[in-house]
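So this block is coords.txt, compact mmCIF, N, CA and C atoms:
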# COMPACT_ATOMS: atom_id res chain seq x y z
N MET D 1 58.26 -50.60 -18.65
CA MET D 1 58.46 -49.24 -19.13
C MET D 1 57.15 -48.47 -19.05
N LYS D 2 57.22 -47.29 -18.54
CA LYS D 2 56.06 -46.45 -18.36
C LYS D 2 55.59 -45.87 -19.70
N ALA D 3 54.29 -45.91 -19.92
CA ALA D 3 53.74 -45.35 -21.15
C ALA D 3 53.83 -43.83 -21.13
N ARG D 4 54.16 -43.26 -22.28
CA ARG D 4 54.27 -41.81 -22.43
C ARG D 4 53.52 -41.41 -23.70
N PHE D 5 53.06 -40.19 -23.72
CA PHE D 5 52.49 -39.62 -24.92
C PHE D 5 53.65 -39.13 -25.80
N GLN D 6 53.56 -39.38 -27.10
CA GLN D 6 54.58 -38.91 -28.04
C GLN D 6 53.90 -38.22 -29.22
N ILE D 7 54.55 -37.18 -29.71
CA ILE D 7 54.13 -36.54 -30.96
C ILE D 7 55.37 -36.39 -31.84
N THR D 8 55.16 -36.42 -33.14
CA THR D 8 56.25 -36.19 -34.08
C THR D 8 55.82 -35.15 -35.10
N LYS D 9 56.79 -34.41 -35.58
CA LYS D 9 56.55 -33.42 -36.62
C LYS D 9 57.69 -33.52 -37.61
N SER D 10 57.36 -33.37 -38.90
CA SER D 10 58.34 -33.47 -39.97
C SER D 10 58.61 -32.12 -40.60
N PHE D 11 59.84 -31.96 -41.04
CA PHE D 11 60.29 -30.75 -41.74
C PHE D 11 61.09 -31.20 -42.95
N HIS D 12 61.10 -30.37 -43.98
CA HIS D 12 61.81 -30.71 -45.21
C HIS D 12 62.69 -29.55 -45.65
N PHE D 13 63.84 -29.91 -46.20
CA PHE D 13 64.70 -28.93 -46.84
C PHE D 13 65.54 -29.63 -47.89
N SER D 14 66.02 -28.85 -48.84
CA SER D 14 66.89 -29.37 -49.89
C SER D 14 68.26 -28.72 -49.73
N ALA D 15 69.29 -29.54 -49.84
CA ALA D 15 70.64 -29.01 -49.66
C ALA D 15 71.65 -29.93 -50.35
N ALA D 16 72.81 -29.36 -50.58
CA ALA D 16 73.93 -30.11 -51.13
C ALA D 16 74.96 -30.36 -50.04
N HIS D 17 75.79 -31.36 -50.27
CA HIS D 17 76.91 -31.62 -49.37
C HIS D 17 77.86 -32.59 -50.06
N SER D 18 79.00 -32.74 -49.48
CA SER D 18 79.94 -33.77 -49.90
C SER D 18 80.55 -34.37 -48.64
N LEU D 19 81.07 -35.56 -48.79
CA LEU D 19 81.72 -36.25 -47.67
C LEU D 19 83.16 -36.52 -48.07
N PRO D 20 84.04 -35.52 -47.91
CA PRO D 20 85.41 -35.63 -48.40
C PRO D 20 86.25 -36.69 -47.69
N ALA D 21 85.81 -37.19 -46.56
CA ALA D 21 86.57 -38.24 -45.87
C ALA D 21 86.41 -39.60 -46.55
N LEU D 22 85.41 -39.72 -47.42
CA LEU D 22 85.23 -40.97 -48.15
C LEU D 22 86.26 -41.05 -49.28
N PRO D 23 86.51 -42.24 -49.78
CA PRO D 23 87.46 -42.38 -50.90
C PRO D 23 87.02 -41.51 -52.09
N ALA D 24 87.98 -41.03 -52.84
CA ALA D 24 87.72 -40.11 -53.95
C ALA D 24 86.79 -40.71 -55.00
N ASP D 25 86.77 -42.02 -55.14
CA ASP D 25 85.90 -42.63 -56.14
C ASP D 25 84.50 -42.95 -55.61
N HIS D 26 84.24 -42.65 -54.35
CA HIS D 26 82.90 -42.87 -53.77
C HIS D 26 81.98 -41.75 -54.24
N LYS D 27 80.75 -42.09 -54.65
CA LYS D 27 79.85 -41.07 -55.20
C LYS D 27 79.53 -39.96 -54.20
N CYS D 28 79.55 -40.25 -52.90
CA CYS D 28 79.23 -39.22 -51.91
C CYS D 28 80.43 -38.33 -51.57
N HIS D 29 81.59 -38.68 -52.10
CA HIS D 29 82.75 -37.81 -51.96
C HIS D 29 82.53 -36.53 -52.76
N ARG D 30 81.83 -36.67 -53.88
CA ARG D 30 81.55 -35.52 -54.76
C ARG D 30 80.37 -34.72 -54.22
N LEU D 31 80.32 -33.46 -54.58
CA LEU D 31 79.18 -32.61 -54.22
C LEU D 31 77.90 -33.19 -54.84
N HIS D 32 76.88 -33.34 -54.03
CA HIS D 32 75.59 -33.87 -54.48
C HIS D 32 74.51 -33.33 -53.55
N GLY D 33 73.25 -33.54 -53.90
CA GLY D 33 72.17 -32.98 -53.11
C GLY D 33 71.15 -34.00 -52.67
N HIS D 34 70.35 -33.60 -51.69
CA HIS D 34 69.27 -34.43 -51.16
C HIS D 34 68.07 -33.55 -50.85
N ASN D 35 66.91 -34.17 -50.85
CA ASN D 35 65.71 -33.58 -50.29
C ASN D 35 65.55 -34.21 -48.92
N TYR D 36 66.00 -33.51 -47.91
CA TYR D 36 66.05 -34.05 -46.55
C TYR D 36 64.68 -33.99 -45.88
N GLU D 37 64.42 -34.99 -45.06
CA GLU D 37 63.28 -34.97 -44.15
C GLU D 37 63.83 -35.07 -42.74
N VAL D 38 63.43 -34.16 -41.88
CA VAL D 38 63.82 -34.17 -40.47
C VAL D 38 62.56 -34.42 -39.67
N GLU D 39 62.59 -35.44 -38.82
CA GLU D 39 61.48 -35.72 -37.92
C GLU D 39 61.95 -35.47 -36.50
N ILE D 40 61.07 -34.90 -35.71
CA ILE D 40 61.39 -34.63 -34.32
C ILE D 40 60.28 -35.25 -33.47
N CYS D 41 60.67 -35.96 -32.42
CA CYS D 41 59.72 -36.62 -31.53
C CYS D 41 59.85 -36.05 -30.13
N VAL D 42 58.72 -35.59 -29.60
CA VAL D 42 58.65 -34.98 -28.28
C VAL D 42 57.64 -35.77 -27.46
N SER D 43 57.93 -35.96 -26.17
CA SER D 43 57.04 -36.76 -25.33
C SER D 43 56.80 -36.10 -23.98
N ALA D 44 55.78 -36.61 -23.30
CA ALA D 44 55.46 -36.16 -21.94
C ALA D 44 54.71 -37.28 -21.23
N ASP D 45 54.82 -37.26 -19.90
CA ASP D 45 54.09 -38.24 -19.09
C ASP D 45 52.60 -37.94 -19.05
N LYS D 46 52.27 -36.65 -19.13
CA LYS D 46 50.87 -36.26 -19.07
C LYS D 46 50.62 -35.13 -20.06
N LEU D 47 49.39 -34.95 -20.41
CA LEU D 47 49.01 -33.91 -21.35
C LEU D 47 48.81 -32.59 -20.62
N ASP D 48 49.00 -31.49 -21.33
CA ASP D 48 48.81 -30.17 -20.72
C ASP D 48 47.31 -29.86 -20.62
N GLU D 49 46.99 -28.68 -20.16
CA GLU D 49 45.59 -28.30 -19.95
C GLU D 49 44.77 -28.32 -21.24
N ALA D 50 45.44 -28.14 -22.38
CA ALA D 50 44.75 -28.16 -23.67
C ALA D 50 44.61 -29.59 -24.21
N GLY D 51 45.16 -30.57 -23.49
CA GLY D 51 45.09 -31.96 -23.93
C GLY D 51 46.18 -32.34 -24.90
N MET D 52 47.31 -31.63 -24.85
CA MET D 52 48.41 -31.87 -25.78
C MET D 52 49.71 -32.19 -25.06
N VAL D 53 50.60 -32.90 -25.72
CA VAL D 53 51.97 -33.03 -25.25
C VAL D 53 52.61 -31.66 -25.36
N LEU D 54 52.45 -31.05 -26.52
CA LEU D 54 53.00 -29.74 -26.84
C LEU D 54 52.32 -29.27 -28.11
N ASP D 55 52.05 -28.01 -28.20
CA ASP D 55 51.47 -27.47 -29.42
C ASP D 55 52.47 -27.66 -30.57
N PHE D 56 52.03 -28.23 -31.68
CA PHE D 56 52.92 -28.41 -32.83
C PHE D 56 53.53 -27.09 -33.28
N ALA D 57 52.83 -26.00 -33.06
CA ALA D 57 53.36 -24.68 -33.44
C ALA D 57 54.63 -24.34 -32.67
N VAL D 58 54.75 -24.82 -31.44
CA VAL D 58 55.96 -24.58 -30.64
C VAL D 58 57.14 -25.31 -31.27
N ILE D 59 56.91 -26.53 -31.72
CA ILE D 59 57.97 -27.28 -32.39
C ILE D 59 58.40 -26.53 -33.65
N SER D 60 57.44 -26.03 -34.39
CA SER D 60 57.75 -25.27 -35.62
C SER D 60 58.54 -24.01 -35.31
N GLU D 61 58.20 -23.32 -34.25
CA GLU D 61 58.92 -22.10 -33.87
C GLU D 61 60.40 -22.38 -33.61
N VAL D 62 60.69 -23.55 -33.08
CA VAL D 62 62.08 -23.92 -32.79
C VAL D 62 62.78 -24.45 -34.04
N MET D 63 62.11 -25.35 -34.75
CA MET D 63 62.76 -26.07 -35.85
C MET D 63 62.80 -25.31 -37.17
N GLN D 64 61.74 -24.59 -37.50
CA GLN D 64 61.67 -24.00 -38.83
C GLN D 64 62.83 -23.05 -39.13
N PRO D 65 63.24 -22.19 -38.19
CA PRO D 65 64.40 -21.34 -38.48
C PRO D 65 65.69 -22.14 -38.74
N LEU D 66 65.86 -23.26 -38.05
CA LEU D 66 67.04 -24.10 -38.27
C LEU D 66 67.01 -24.72 -39.66
N VAL D 67 65.86 -25.22 -40.04
CA VAL D 67 65.69 -25.83 -41.36
C VAL D 67 65.84 -24.78 -42.45
N ASP D 68 65.22 -23.63 -42.26
CA ASP D 68 65.30 -22.56 -43.27
C ASP D 68 66.74 -22.10 -43.49
N ALA D 69 67.54 -22.09 -42.45
CA ALA D 69 68.93 -21.66 -42.57
C ALA D 69 69.76 -22.61 -43.43
N LEU D 70 69.31 -23.86 -43.57
CA LEU D 70 70.05 -24.85 -44.34
C LEU D 70 69.48 -25.07 -45.73
N ASP D 71 68.27 -24.62 -45.96
CA ASP D 71 67.58 -24.89 -47.22
C ASP D 71 68.33 -24.27 -48.40
N HIS D 72 68.55 -25.08 -49.43
CA HIS D 72 69.23 -24.67 -50.66
C HIS D 72 70.62 -24.10 -50.40
N ARG D 73 71.33 -24.75 -49.50
CA ARG D 73 72.71 -24.38 -49.17
C ARG D 73 73.62 -25.59 -49.39
N ASN D 74 74.90 -25.32 -49.38
CA ASN D 74 75.90 -26.37 -49.30
C ASN D 74 76.20 -26.56 -47.82
N LEU D 75 75.80 -27.69 -47.26
CA LEU D 75 75.94 -27.92 -45.82
C LEU D 75 77.39 -27.85 -45.36
N ASN D 76 78.32 -28.19 -46.23
CA ASN D 76 79.74 -28.13 -45.86
C ASN D 76 80.19 -26.71 -45.56
N ASP D 77 79.49 -25.72 -46.10
CA ASP D 77 79.82 -24.32 -45.83
C ASP D 77 79.36 -23.87 -44.45
N PHE D 78 78.45 -24.62 -43.82
CA PHE D 78 77.84 -24.20 -42.57
C PHE D 78 78.18 -25.09 -41.38
N MET D 79 78.63 -26.28 -41.65
CA MET D 79 78.86 -27.24 -40.58
C MET D 79 80.36 -27.47 -40.38
N SER D 80 80.76 -27.63 -39.12
CA SER D 80 82.16 -27.89 -38.80
C SER D 80 82.41 -29.38 -38.58
N PHE D 81 81.47 -30.21 -39.02
CA PHE D 81 81.56 -31.66 -38.84
C PHE D 81 81.16 -32.33 -40.15
N PRO D 82 81.47 -33.61 -40.32
CA PRO D 82 81.03 -34.31 -41.52
C PRO D 82 79.50 -34.28 -41.62
N THR D 83 78.99 -33.93 -42.76
CA THR D 83 77.56 -33.67 -42.91
C THR D 83 76.77 -34.94 -43.24
N THR D 84 77.00 -35.97 -42.45
CA THR D 84 76.24 -37.21 -42.58
C THR D 84 74.87 -37.03 -41.93
N SER D 85 73.95 -37.91 -42.27
CA SER D 85 72.63 -37.88 -41.63
C SER D 85 72.74 -38.05 -40.13
N GLU D 86 73.66 -38.90 -39.69
CA GLU D 86 73.86 -39.13 -38.26
C GLU D 86 74.25 -37.84 -37.55
N ASN D 87 75.19 -37.12 -38.12
CA ASN D 87 75.63 -35.87 -37.50
C ASN D 87 74.58 -34.77 -37.58
N LEU D 88 73.83 -34.74 -38.66
CA LEU D 88 72.75 -33.74 -38.76
C LEU D 88 71.67 -34.02 -37.71
N ALA D 89 71.34 -35.29 -37.50
CA ALA D 89 70.34 -35.62 -36.46
C ALA D 89 70.84 -35.18 -35.09
N ARG D 90 72.11 -35.42 -34.81
CA ARG D 90 72.68 -34.99 -33.52
C ARG D 90 72.68 -33.46 -33.42
N TYR D 91 73.02 -32.77 -34.49
CA TYR D 91 73.02 -31.30 -34.53
C TYR D 91 71.65 -30.74 -34.14
N PHE D 92 70.60 -31.22 -34.79
CA PHE D 92 69.26 -30.74 -34.47
C PHE D 92 68.87 -31.09 -33.04
N HIS D 93 69.22 -32.28 -32.60
CA HIS D 93 68.88 -32.71 -31.24
C HIS D 93 69.56 -31.83 -30.20
N LEU D 94 70.84 -31.57 -30.37
CA LEU D 94 71.56 -30.77 -29.39
C LEU D 94 71.02 -29.35 -29.29
N ILE D 95 70.64 -28.77 -30.41
CA ILE D 95 70.09 -27.42 -30.39
C ILE D 95 68.71 -27.38 -29.74
N CYS D 96 67.92 -28.41 -29.96
CA CYS D 96 66.52 -28.41 -29.51
C CYS D 96 66.29 -29.07 -28.16
N ALA D 97 67.30 -29.69 -27.59
CA ALA D 97 67.12 -30.56 -26.43
C ALA D 97 66.37 -29.93 -25.26
N HIS D 98 66.56 -28.65 -25.01
CA HIS D 98 65.94 -28.03 -23.83
C HIS D 98 65.02 -26.88 -24.21
N LYS D 99 64.41 -26.96 -25.37
CA LYS D 99 63.58 -25.86 -25.87
C LYS D 99 62.09 -26.07 -25.66
N PHE D 100 61.68 -27.20 -25.10
CA PHE D 100 60.26 -27.52 -25.02
C PHE D 100 59.82 -27.68 -23.57
N ASP D 101 59.35 -26.60 -22.98
CA ASP D 101 58.89 -26.62 -21.60
C ASP D 101 57.75 -27.61 -21.43
N GLY D 102 57.86 -28.46 -20.42
CA GLY D 102 56.81 -29.41 -20.11
C GLY D 102 56.85 -30.67 -20.95
N ALA D 103 57.75 -30.73 -21.92
CA ALA D 103 57.89 -31.91 -22.77
C ALA D 103 59.37 -32.21 -22.96
N GLU D 104 59.65 -33.43 -23.36
CA GLU D 104 61.03 -33.87 -23.52
C GLU D 104 61.29 -34.27 -24.96
N LEU D 105 62.42 -33.82 -25.49
CA LEU D 105 62.82 -34.23 -26.83
C LEU D 105 63.33 -35.66 -26.75
N ASP D 106 62.68 -36.57 -27.43
CA ASP D 106 63.09 -37.97 -27.41
C ASP D 106 64.17 -38.26 -28.46
N TRP D 107 63.88 -37.90 -29.69
CA TRP D 107 64.82 -38.18 -30.77
C TRP D 107 64.56 -37.27 -31.96
N VAL D 108 65.58 -37.20 -32.82
CA VAL D 108 65.49 -36.51 -34.10
C VAL D 108 66.02 -37.47 -35.14
N SER D 109 65.33 -37.58 -36.26
CA SER D 109 65.83 -38.40 -37.36
C SER D 109 66.01 -37.55 -38.60
N VAL D 110 66.95 -37.94 -39.43
CA VAL D 110 67.22 -37.26 -40.70
C VAL D 110 67.26 -38.32 -41.79
N SER D 111 66.48 -38.08 -42.84
CA SER D 111 66.46 -38.96 -44.00
C SER D 111 66.98 -38.20 -45.21
N GLU D 112 67.89 -38.83 -45.93
CA GLU D 112 68.38 -38.27 -47.18
C GLU D 112 67.54 -38.77 -48.35
N THR D 113 66.99 -39.96 -48.19
CA THR D 113 66.15 -40.58 -49.21
C THR D 113 64.98 -41.25 -48.50
N PRO D 114 63.95 -41.65 -49.24
CA PRO D 114 62.83 -42.36 -48.61
C PRO D 114 63.24 -43.69 -47.98
N ASN D 115 64.40 -44.22 -48.35
CA ASN D 115 64.83 -45.54 -47.88
C ASN D 115 65.91 -45.50 -46.80
N THR D 116 66.31 -44.30 -46.36
CA THR D 116 67.37 -44.19 -45.36
C THR D 116 66.96 -43.25 -44.25
N LYS D 117 67.42 -43.54 -43.05
CA LYS D 117 67.11 -42.69 -41.90
C LYS D 117 68.17 -42.90 -40.83
N ALA D 118 68.62 -41.79 -40.25
CA ALA D 118 69.52 -41.85 -39.10
C ALA D 118 68.81 -41.15 -37.94
N THR D 119 68.91 -41.73 -36.75
CA THR D 119 68.22 -41.21 -35.59
C THR D 119 69.21 -40.95 -34.46
N TYR D 120 69.01 -39.83 -33.77
CA TYR D 120 69.82 -39.51 -32.59
C TYR D 120 68.88 -39.16 -31.45
N GLY D 121 69.15 -39.74 -30.29
CA GLY D 121 68.36 -39.41 -29.12
C GLY D 121 68.16 -40.60 -28.22
Before anything else, please render the file you have as structure tokens.
Amino acid sequence: MKARFQITKSFHFSAAHSLPALPADHKCHRLHGHNYEVEICVSADKLDEAGMVLDFAVISEVMQPLVDALDHRNLNDFMSFPTTSENLARYFHLICAHKFDGAELDWVSVSETPNTKATYG
């Protein structure tokens, strides 16, 4: 496997959601909240003229509006899919997949807690 340069950047937001497809007695069936962490990993075969894979500010320009739109919201009001970490990671990945000229989006992960993480990419 060929070595590549990778960078990651983290974003945070707080939101509520419920997972109504789960049994009614499951705690996640009820409305509850998380302090989400979203990590995005971008890579390139070579560095640009400034010696970077990509300026972290470019990642922020793409991701921060997405994160801000979800902050302190009920995710079920905004998403047409089950609001699991897996689906949120895919959501961010699909929106960002072709937004980074000269670099490639490798993966996006979403954590609901410090002990859980779902990755898509």
(Q) Just checking: using all atoms listed in the file, which residue out of D:Phe13, D:Phe100, D:Tyr91, D:Phe78 ends up closest to D:Asn35? (A)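 Counting all atoms listed in the file, the residue closest to D:Asn35 is D:Phe13.
If you look at atom CA of D:Val67 and atom CA of D:Phe11, they are 7.3 Å away from each other.
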Q | Contacts of D:Lys117 within 7 Å, all atoms listed in the file, excl. fewer than 5 positions in-chain, as a VMD selection string | A | chain D and resid 85 to 86 109 to 112
Q: Could you find all residues in chain D that DSSP calls strand (DSSP E) from the backbone, and write them as an MDAnalysis selection string?
A: chainID D and resid 5:17 32:44 73:74 104:111 118:120
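A straight line drawn from atom N of D:Arg4 to atom C of D:Asp45 is 6.4 Å long.
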**Q.** Residue with smallest distance to D:His93 - pool D:Leu22, D:Ala15, D:Ala3, D:Val108, counting all atoms listed in the file
**A.** D:Val108
Q: Do a neighbour search on D:His17 at 12 Å with only C-alpha atoms, toss out local chain neighbours closer than 2 positions, and write the hits as a VMD selection string.
A: chain D and resid 14 to 15 19 to 20 27 to 36 70 to 79 81 to 85 88 112
Would you mind exporting the chosen residues as a compact mmCIF listing (two decimals), keeping the file's coordinate frame, restricted to N, CA and C atoms?
# COMPACT_ATOMS: atom_id res chain seq x y z
N SER D 14 66.02 -28.85 -48.84
CA SER D 14 66.89 -29.37 -49.89
C SER D 14 68.26 -28.72 -49.73
N ALA D 15 69.29 -29.54 -49.84
CA ALA D 15 70.64 -29.01 -49.66
C ALA D 15 71.65 -29.93 -50.35
N LEU D 19 81.07 -35.56 -48.79
CA LEU D 19 81.72 -36.25 -47.67
C LEU D 19 83.16 -36.52 -48.07
N PRO D 20 84.04 -35.52 -47.91
CA PRO D 20 85.41 -35.63 -48.40
C PRO D 20 86.25 -36.69 -47.69
N LYS D 27 80.75 -42.09 -54.65
CA LYS D 27 79.85 -41.07 -55.20
C LYS D 27 79.53 -39.96 -54.20
N CYS D 28 79.55 -40.25 -52.90
CA CYS D 28 79.23 -39.22 -51.91
C CYS D 28 80.43 -38.33 -51.57
N HIS D 29 81.59 -38.68 -52.10
CA HIS D 29 82.75 -37.81 -51.96
C HIS D 29 82.53 -36.53 -52.76
N ARG D 30 81.83 -36.67 -53.88
CA ARG D 30 81.55 -35.52 -54.76
C ARG D 30 80.37 -34.72 -54.22
N LEU D 31 80.32 -33.46 -54.58
CA LEU D 31 79.18 -32.61 -54.22
C LEU D 31 77.90 -33.19 -54.84
N HIS D 32 76.88 -33.34 -54.03
CA HIS D 32 75.59 -33.87 -54.48
C HIS D 32 74.51 -33.33 -53.55
N GLY D 33 73.25 -33.54 -53.90
CA GLY D 33 72.17 -32.98 -53.11
C GLY D 33 71.15 -34.00 -52.67
N HIS D 34 70.35 -33.60 -51.69
CA HIS D 34 69.27 -34.43 -51.16
C HIS D 34 68.07 -33.55 -50.85
N ASN D 35 66.91 -34.17 -50.85
CA ASN D 35 65.71 -33.58 -50.29
C ASN D 35 65.55 -34.21 -48.92
N TYR D 36 66.00 -33.51 -47.91
CA TYR D 36 66.05 -34.05 -46.55
C TYR D 36 64.68 -33.99 -45.88
N LEU D 70 69.31 -23.86 -43.57
CA LEU D 70 70.05 -24.85 -44.34
C LEU D 70 69.48 -25.07 -45.73
N ASP D 71 68.27 -24.62 -45.96
CA ASP D 71 67.58 -24.89 -47.22
C ASP D 71 68.33 -24.27 -48.40
N HIS D 72 68.55 -25.08 -49.43
CA HIS D 72 69.23 -24.67 -50.66
C HIS D 72 70.62 -24.10 -50.40
N ARG D 73 71.33 -24.75 -49.50
CA ARG D 73 72.71 -24.38 -49.17
C ARG D 73 73.62 -25.59 -49.39
N ASN D 74 74.90 -25.32 -49.38
CA ASN D 74 75.90 -26.37 -49.30
C ASN D 74 76.20 -26.56 -47.82
N LEU D 75 75.80 -27.69 -47.26
CA LEU D 75 75.94 -27.92 -45.82
C LEU D 75 77.39 -27.85 -45.36
N ASN D 76 78.32 -28.19 -46.23
CA ASN D 76 79.74 -28.13 -45.86
C ASN D 76 80.19 -26.71 -45.56
N ASP D 77 79.49 -25.72 -46.10
CA ASP D 77 79.82 -24.32 -45.83
C ASP D 77 79.36 -23.87 -44.45
N PHE D 78 78.45 -24.62 -43.82
CA PHE D 78 77.84 -24.20 -42.57
C PHE D 78 78.18 -25.09 -41.38
N MET D 79 78.63 -26.28 -41.65
CA MET D 79 78.86 -27.24 -40.58
C MET D 79 80.36 -27.47 -40.38
N PHE D 81 81.47 -30.21 -39.02
CA PHE D 81 81.56 -31.66 -38.84
C PHE D 81 81.16 -32.33 -40.15
N PRO D 82 81.47 -33.61 -40.32
CA PRO D 82 81.03 -34.31 -41.52
C PRO D 82 79.50 -34.28 -41.62
N THR D 83 78.99 -33.93 -42.76
CA THR D 83 77.56 -33.67 -42.91
C THR D 83 76.77 -34.94 -43.24
N THR D 84 77.00 -35.97 -42.45
CA THR D 84 76.24 -37.21 -42.58
C THR D 84 74.87 -37.03 -41.93
N SER D 85 73.95 -37.91 -42.27
CA SER D 85 72.63 -37.88 -41.63
C SER D 85 72.74 -38.05 -40.13
N LEU D 88 73.83 -34.74 -38.66
CA LEU D 88 72.75 -33.74 -38.76
C LEU D 88 71.67 -34.02 -37.71
N GLU D 112 67.89 -38.83 -45.93
CA GLU D 112 68.38 -38.27 -47.18
C GLU D 112 67.54 -38.77 -48.35
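Nearest residue to D:Ser60, choosing from D:Thr113, D:Ala44, D:Ala89, D:Lys9 and counting all atoms listed in the file: D:Lys9.
If you measure from each of D:Lys2, D:His26, D:Lys46, D:His12 to D:Leu66 using only C-alpha atoms, the closest one turns out to be D:His12.
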Q. So how many Å separate atom N of D:Asp48 and atom C of D:Thr8, to one decimal?
A.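 These atoms are spaced 15.8 Å apart.
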Q: Using DSSP on the backbone, list every residue of chain D that comes out as helix (DSSP H, G or I), and give them as number ranges by chain.
A: D: 27-29, 56-70, 75-77, 85-96
Go ahead and save the residues from that selection, with N, CA and C atoms, as a CSV table (one decimal), keeping the file's coordinate frame.
chain,number,residue,atom,x,y,z
D,27,LYS,N,80.8,-42.1,-54.6
D,27,LYS,CA,79.8,-41.1,-55.2
D,27,LYS,C,79.5,-40.0,-54.2
D,28,CYS,N,79.6,-40.2,-52.9
D,28,CYS,CA,79.2,-39.2,-51.9
D,28,CYS,C,80.4,-38.3,-51.6
D,29,HIS,N,81.6,-38.7,-52.1
D,29,HIS,CA,82.8,-37.8,-52.0
D,29,HIS,C,82.5,-36.5,-52.8
D,56,PHE,N,52.0,-28.2,-31.7
D,56,PHE,CA,52.9,-28.4,-32.8
D,56,PHE,C,53.5,-27.1,-33.3
D,57,ALA,N,52.8,-26.0,-33.1
D,57,ALA,CA,53.4,-24.7,-33.4
D,57,ALA,C,54.6,-24.3,-32.7
D,58,VAL,N,54.8,-24.8,-31.4
D,58,VAL,CA,56.0,-24.6,-30.6
D,58,VAL,C,57.1,-25.3,-31.3
D,59,ILE,N,56.9,-26.5,-31.7
D,59,ILE,CA,58.0,-27.3,-32.4
D,59,ILE,C,58.4,-26.5,-33.6
D,60,SER,N,57.4,-26.0,-34.4
D,60,SER,CA,57.8,-25.3,-35.6
D,60,SER,C,58.5,-24.0,-35.3
D,61,GLU,N,58.2,-23.3,-34.2
D,61,GLU,CA,58.9,-22.1,-33.9
D,61,GLU,C,60.4,-22.4,-33.6
D,62,VAL,N,60.7,-23.6,-33.1
D,62,VAL,CA,62.1,-23.9,-32.8
D,62,VAL,C,62.8,-24.4,-34.0
D,63,MET,N,62.1,-25.4,-34.8
D,63,MET,CA,62.8,-26.1,-35.8
D,63,MET,C,62.8,-25.3,-37.2
D,64,GLN,N,61.7,-24.6,-37.5
D,64,GLN,CA,61.7,-24.0,-38.8
D,64,GLN,C,62.8,-23.0,-39.1
D,65,PRO,N,63.2,-22.2,-38.2
D,65,PRO,CA,64.4,-21.3,-38.5
D,65,PRO,C,65.7,-22.1,-38.7
D,66,LEU,N,65.9,-23.3,-38.0
D,66,LEU,CA,67.0,-24.1,-38.3
D,66,LEU,C,67.0,-24.7,-39.7
D,67,VAL,N,65.9,-25.2,-40.0
D,67,VAL,CA,65.7,-25.8,-41.4
D,67,VAL,C,65.8,-24.8,-42.4
D,68,ASP,N,65.2,-23.6,-42.3
D,68,ASP,CA,65.3,-22.6,-43.3
D,68,ASP,C,66.7,-22.1,-43.5
D,69,ALA,N,67.5,-22.1,-42.4
D,69,ALA,CA,68.9,-21.7,-42.6
D,69,ALA,C,69.8,-22.6,-43.4
D,70,LEU,N,69.3,-23.9,-43.6
D,70,LEU,CA,70.0,-24.8,-44.3
D,70,LEU,C,69.5,-25.1,-45.7
D,75,LEU,N,75.8,-27.7,-47.3
D,75,LEU,CA,75.9,-27.9,-45.8
D,75,LEU,C,77.4,-27.8,-45.4
D,76,ASN,N,78.3,-28.2,-46.2
D,76,ASN,CA,79.7,-28.1,-45.9
D,76,ASN,C,80.2,-26.7,-45.6
D,77,ASP,N,79.5,-25.7,-46.1
D,77,ASP,CA,79.8,-24.3,-45.8
D,77,ASP,C,79.4,-23.9,-44.4
D,85,SER,N,74.0,-37.9,-42.3
D,85,SER,CA,72.6,-37.9,-41.6
D,85,SER,C,72.7,-38.0,-40.1
D,86,GLU,N,73.7,-38.9,-39.7
D,86,GLU,CA,73.9,-39.1,-38.3
D,86,GLU,C,74.2,-37.8,-37.6
D,87,ASN,N,75.2,-37.1,-38.1
D,87,ASN,CA,75.6,-35.9,-37.5
D,87,ASN,C,74.6,-34.8,-37.6
D,88,LEU,N,73.8,-34.7,-38.7
D,88,LEU,CA,72.8,-33.7,-38.8
D,88,LEU,C,71.7,-34.0,-37.7
D,89,ALA,N,71.3,-35.3,-37.5
D,89,ALA,CA,70.3,-35.6,-36.5
D,89,ALA,C,70.8,-35.2,-35.1
D,90,ARG,N,72.1,-35.4,-34.8
D,90,ARG,CA,72.7,-35.0,-33.5
D,90,ARG,C,72.7,-33.5,-33.4
D,91,TYR,N,73.0,-32.8,-34.5
D,91,TYR,CA,73.0,-31.3,-34.5
D,91,TYR,C,71.6,-30.7,-34.1
D,92,PHE,N,70.6,-31.2,-34.8
D,92,PHE,CA,69.3,-30.7,-34.5
D,92,PHE,C,68.9,-31.1,-33.0
D,93,HIS,N,69.2,-32.3,-32.6
D,93,HIS,CA,68.9,-32.7,-31.2
D,93,HIS,C,69.6,-31.8,-30.2
D,94,LEU,N,70.8,-31.6,-30.4
D,94,LEU,CA,71.6,-30.8,-29.4
D,94,LEU,C,71.0,-29.4,-29.3
D,95,ILE,N,70.6,-28.8,-30.4
D,95,ILE,CA,70.1,-27.4,-30.4
D,95,ILE,C,68.7,-27.4,-29.7
D,96,CYS,N,67.9,-28.4,-30.0
D,96,CYS,CA,66.5,-28.4,-29.5
D,96,CYS,C,66.3,-29.1,-28.2
Q) Looking at D:Gln6, D:Gly121, D:Gly51, D:Thr116, which one is nearest to D:Leu94, with distances taken over only C-alpha atoms? A)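 Closest candidate: D:Gly121.
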Q.
Taking (57.9, -25.6, -27.9) in the coordinates of the supplied file, I want to know which residues reach to within 6 Å of it, counting all atoms listed in the file; could you give the answer as a ChimeraX atom specification?
A. /D:57-59,99-101
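Nearest-residue note for D:Ile40: choosing from D:Val62, D:Leu105, D:Ala16, D:Leu54, the minimum distance belongs to D:Leu105, counting all atoms listed in the file.
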